[in-house]
Structure formats: structure tokens, C-alpha cells
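Novice: One structure is given below, represented as C-alpha cells, and several questions about it will come after.
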Protein chains: 2
Amino acid sequence: MATPQTTFANDLKAAMAKVNDLFNSEVIGKRDFSAIDQIYTEDARILPPGAPMISGRESIRGFWRDLVQGGNVKSAALTSVDVMPSGDGVVEIGKATIAAEGGSMDVKYVVYWRTENGQWKWHVDIWNHA
Amino acid sequence: MATPQTTFANDLKAAMAKVNDLFNSEVIGKRDFSAIDQIYTEDARILPPGAPMISGRESIRGFWRDLVQGGNVKSAALTSVDVMPSGDGVVEIGKATIAAEGGSMDVKYVVYWRTENGQWKWHVDIWNHA
């Protein structure tokens, strides 16, 4: 039987999966970098391997534009490994396979999710290679 | 004037700084790997660069023992960059300078803190190179 808790958890996971899929289908697949607005909060921060922390959605958009176009990235399939609701936020552990012209690689990540105007988005995003 | 909020924030930051210092002084400085008990929760997970995720405090202890002894690590000074309380947890963005026999390097990290028996500890710990 669906309890309110399991319904909430399923709704949350579905909302998160939708955002994760947007990253793959729109940002990577279609190179539509305006979709970054639906994925990252305005004051989000990313911590990419081999580069300093980047703060703010506009700078994050530039980072992904450069990386996706420069590396000819083809897809980035994200999979949640664990989802930990924490107050108004959620901490997600996940893994991804990134396919680019030069080959594919596995990464693992932690994303701290917050809501912005009622939408779940990535607020802190850090990853490294598996 | 100290409000209850600022007092809580200061107490929290002091408690976190104490744990971060333990890592440097005990685990790295004295190679006392029993101090891992005071730093990580029992079911903590770490996501080290270049290796798969490691689950559970005993396995994490083994990871640090191998790395500190094998790499002859001398110090790991951790600095909080941002502290975001989130329900029963805290998300911390930080940076560290790791000094070893071969030289020093800068890393940046995200730690998801939870309490275990009333003590703040690292529950999810991921880092990469700057």
C-alpha cells in the first residue's frame, strides 16, 4: 500500500529523474544550453575535477557549453545511486557514463538539490572519475 | 548581538572545525586510524577520485591507512568554504592542501554531515583535484 511517505519519495525521485534526463537530452543531446535554467539554481556551484569551483548559473552554463562543444560530448546518462532527503534539500549520490567522440568514461557524483520556484534543481554539484 | 541563530551557527562551525582538525592531527599527523571512528559515521561513504565508491567506516579506515602510509602523507589542512545546514544534516563545501613526501596538492571537497550519537560526522565525502 502506498503510504504518504512512499508517495512523497516516489514523487521526489520522479522529479529528480526528470531533471537528470533534461541534462542528457537537452544540454548534451540538443546542445540547448538554455535548459541549464531548469537544472541549476541561480546561485549554484559546481566543483569539476581539474578546475576551480565555478559559482552562479551563468558561469556554469559557459562551463558546459565549452566542455560539450569542445569535447564533442554525445551523451551523459545519469543514474541515482542513493537519494537522501535532508530538510528542504536532498543529497544524491549518483553515477554517470559520459560518451564523447574520443570514447566513454565513468564518473561518480554528489549533488545537493534545493528547490527554486517549486522546482527541484542542482545547487551543489561535484564529480570525479571512477 | 548574538541571536539564537548565530549562536547555533557558531557552535556548529566550531564542532565541525574540531572534527576537521582531528582528521589532520590524528589520522594524518599521528597515523592514529582509530580516530576515524570520531570522523565518519558507521555507514559513511567516500567517493575518492580514481577509485570506486567505498562504503562503511571499516573500509574507509582501510582506505586512509593505505593512502597515508603508502603516500607518506604529512598533513591535510581542511578549510570550510561554505556551510549549509539542511534539516538534520549539513552540506559543507571545503578545500584542503595535502602535503606528502612527493609534494603538495590542492583538493576541493563536498561533505554531507550527519550526527551519530550526538556527534557531527562525515556521512558522504567526495573530493577532486583543483
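Residues are referred to by chain and number: the chain letter is A, B, ... according to the order shown in the C-alpha cells, the number counts from 1 in that chain, and ligands are numbered separately from 1 in the order shown.
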Return as a ChimeraX atom specification the full set of residues in stretch 34-74 of chain A whose backbone-based DSSP assignment is strand (DSSP E or B).

Specialist: /A:40-47,54-55,73-74

Novice: I'd like the contact shell of B:Ser59 - 12 Å cut-off, only C-alpha atoms, skipping same-chain residues fewer than 2 positions apart - returned as a PyMOL selection string.

Specialist: chain B and resi 33+36-37+40-46+53-57+61-66

Novice: Using only C-alpha atoms, determine which residues of chain A fall within 8 Å of chain B; present them as a ChimeraX atom specification.

Specialist: /A:47-53,86-89,91,108-110,112,126-130

Novice: Can you list, as a list in words, every protein, DNA or RNA residue that comes within 10 Å of A:Ser104 when you count only C-alpha atoms, leaving out same-chain residues fewer than 6 positions away?

Specialist: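 Counting only the stated atoms, we get Val73, Lys74, Ser75, Ala76, Thr97 and Ile98 of chain A.
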
Novice: Take the residues just selected and output them with C-alpha atoms as a PDB file, in the first residue's frame.

Specialist:
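Okay, again-v8.pdb is ready:
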```pdb
ATOM      1  CA  VAL A  73      30.226  15.107 -25.869  1.00  0.00           C
ATOM      2  CA  LYS A  74      27.412  12.873 -27.158  1.00  0.00           C
ATOM      3  CA  SER A  75      25.559  11.711 -24.073  1.00  0.00           C
ATOM      4  CA  ALA A  76      25.662  11.726 -20.278  1.00  0.00           C
ATOM      5  CA  THR A  97      28.592   7.396 -18.210  1.00  0.00           C
ATOM      6  CA  ILE A  98      29.827  10.188 -20.465  1.00  0.00           C
TER       7      ILE A  98
END
```

Novice: Assign secondary structure with DSSP using the backbone only, and return the residues of chain A in helix (DSSP H, G or I) as a PyMOL selection string.

Specialist: chain A and resi 4-29+33-39+57-70

Novice: Selection from above, C-alpha atoms, as an mmCIF file, in the first residue's frame, can you write it?

Specialist:
```cif
data_model
loop_
_atom_site.group_PDB
_atom_site.id
_atom_site.type_symbol
_atom_site.label_atom_id
_atom_site.label_comp_id
_atom_site.auth_asym_id
_atom_site.auth_seq_id
_atom_site.Cartn_x
_atom_site.Cartn_y
_atom_site.Cartn_z
ATOM 1 C CA PRO A 4 2.219 9.245 2.205
ATOM 2 C CA GLN A 5 5.958 8.701 2.742
ATOM 3 C CA THR A 6 6.415 6.311 -0.167
ATOM 4 C CA THR A 7 4.292 8.568 -2.395
ATOM 5 C CA PHE A 8 6.489 11.532 -1.464
ATOM 6 C CA ALA A 9 9.633 9.509 -2.092
ATOM 7 C CA ASN A 10 8.369 8.302 -5.463
ATOM 8 C CA ASP A 11 7.282 11.812 -6.492
ATOM 9 C CA LEU A 12 10.655 13.192 -5.454
ATOM 10 C CA LYS A 13 12.581 10.524 -7.337
ATOM 11 C CA ALA A 14 10.445 11.074 -10.432
ATOM 12 C CA ALA A 15 11.031 14.845 -10.269
ATOM 13 C CA MET A 16 14.767 14.290 -9.875
ATOM 14 C CA ALA A 17 14.921 11.757 -12.722
ATOM 15 C CA LYS A 18 13.183 14.281 -14.980
ATOM 16 C CA VAL A 19 15.837 16.927 -14.284
ATOM 17 C CA ASN A 20 18.651 14.419 -14.702
ATOM 18 C CA ASP A 21 17.162 13.353 -18.045
ATOM 19 C CA LEU A 22 16.912 17.006 -19.157
ATOM 20 C CA PHE A 23 20.648 17.331 -18.735
ATOM 21 C CA ASN A 24 21.241 14.380 -21.051
ATOM 22 C CA SER A 25 18.546 15.075 -23.646
ATOM 23 C CA GLU A 26 18.665 18.883 -23.868
ATOM 24 C CA VAL A 27 22.061 20.133 -22.698
ATOM 25 C CA ILE A 28 24.116 17.287 -24.140
ATOM 26 C CA GLY A 29 21.817 15.814 -26.799
ATOM 27 C CA PHE A 33 22.216 25.411 -23.048
ATOM 28 C CA SER A 34 19.122 27.405 -22.061
ATOM 29 C CA ALA A 35 17.970 24.171 -20.353
ATOM 30 C CA ILE A 36 20.612 24.884 -17.714
ATOM 31 C CA ASP A 37 17.985 27.256 -16.231
ATOM 32 C CA GLN A 38 15.803 24.256 -15.377
ATOM 33 C CA ILE A 39 18.675 22.203 -13.972
ATOM 34 C CA ARG A 57 24.270 29.662 -13.237
ATOM 35 C CA GLU A 58 25.627 31.893 -15.999
ATOM 36 C CA SER A 59 29.209 30.773 -15.385
ATOM 37 C CA ILE A 60 28.061 27.150 -15.118
ATOM 38 C CA ARG A 61 26.285 27.487 -18.469
ATOM 39 C CA GLY A 62 29.574 28.674 -20.019
ATOM 40 C CA PHE A 63 31.446 25.750 -18.486
ATOM 41 C CA TRP A 64 29.087 23.166 -20.009
ATOM 42 C CA ARG A 65 28.954 24.944 -23.360
ATOM 43 C CA ASP A 66 32.746 24.855 -23.610
ATOM 44 C CA LEU A 67 33.010 21.262 -22.427
ATOM 45 C CA VAL A 68 30.204 19.795 -24.548
ATOM 46 C CA GLN A 69 31.201 21.635 -27.719
ATOM 47 C CA GLY A 70 34.961 21.380 -27.177
#
```

Novice: Show which residues sit within 6 Å of B:Ala96, as a ChimeraX atom specification. Count only C-alpha atoms, and ignore same-chain residues fewer than 6 positions away.

Specialist: /B:77-78,106-107
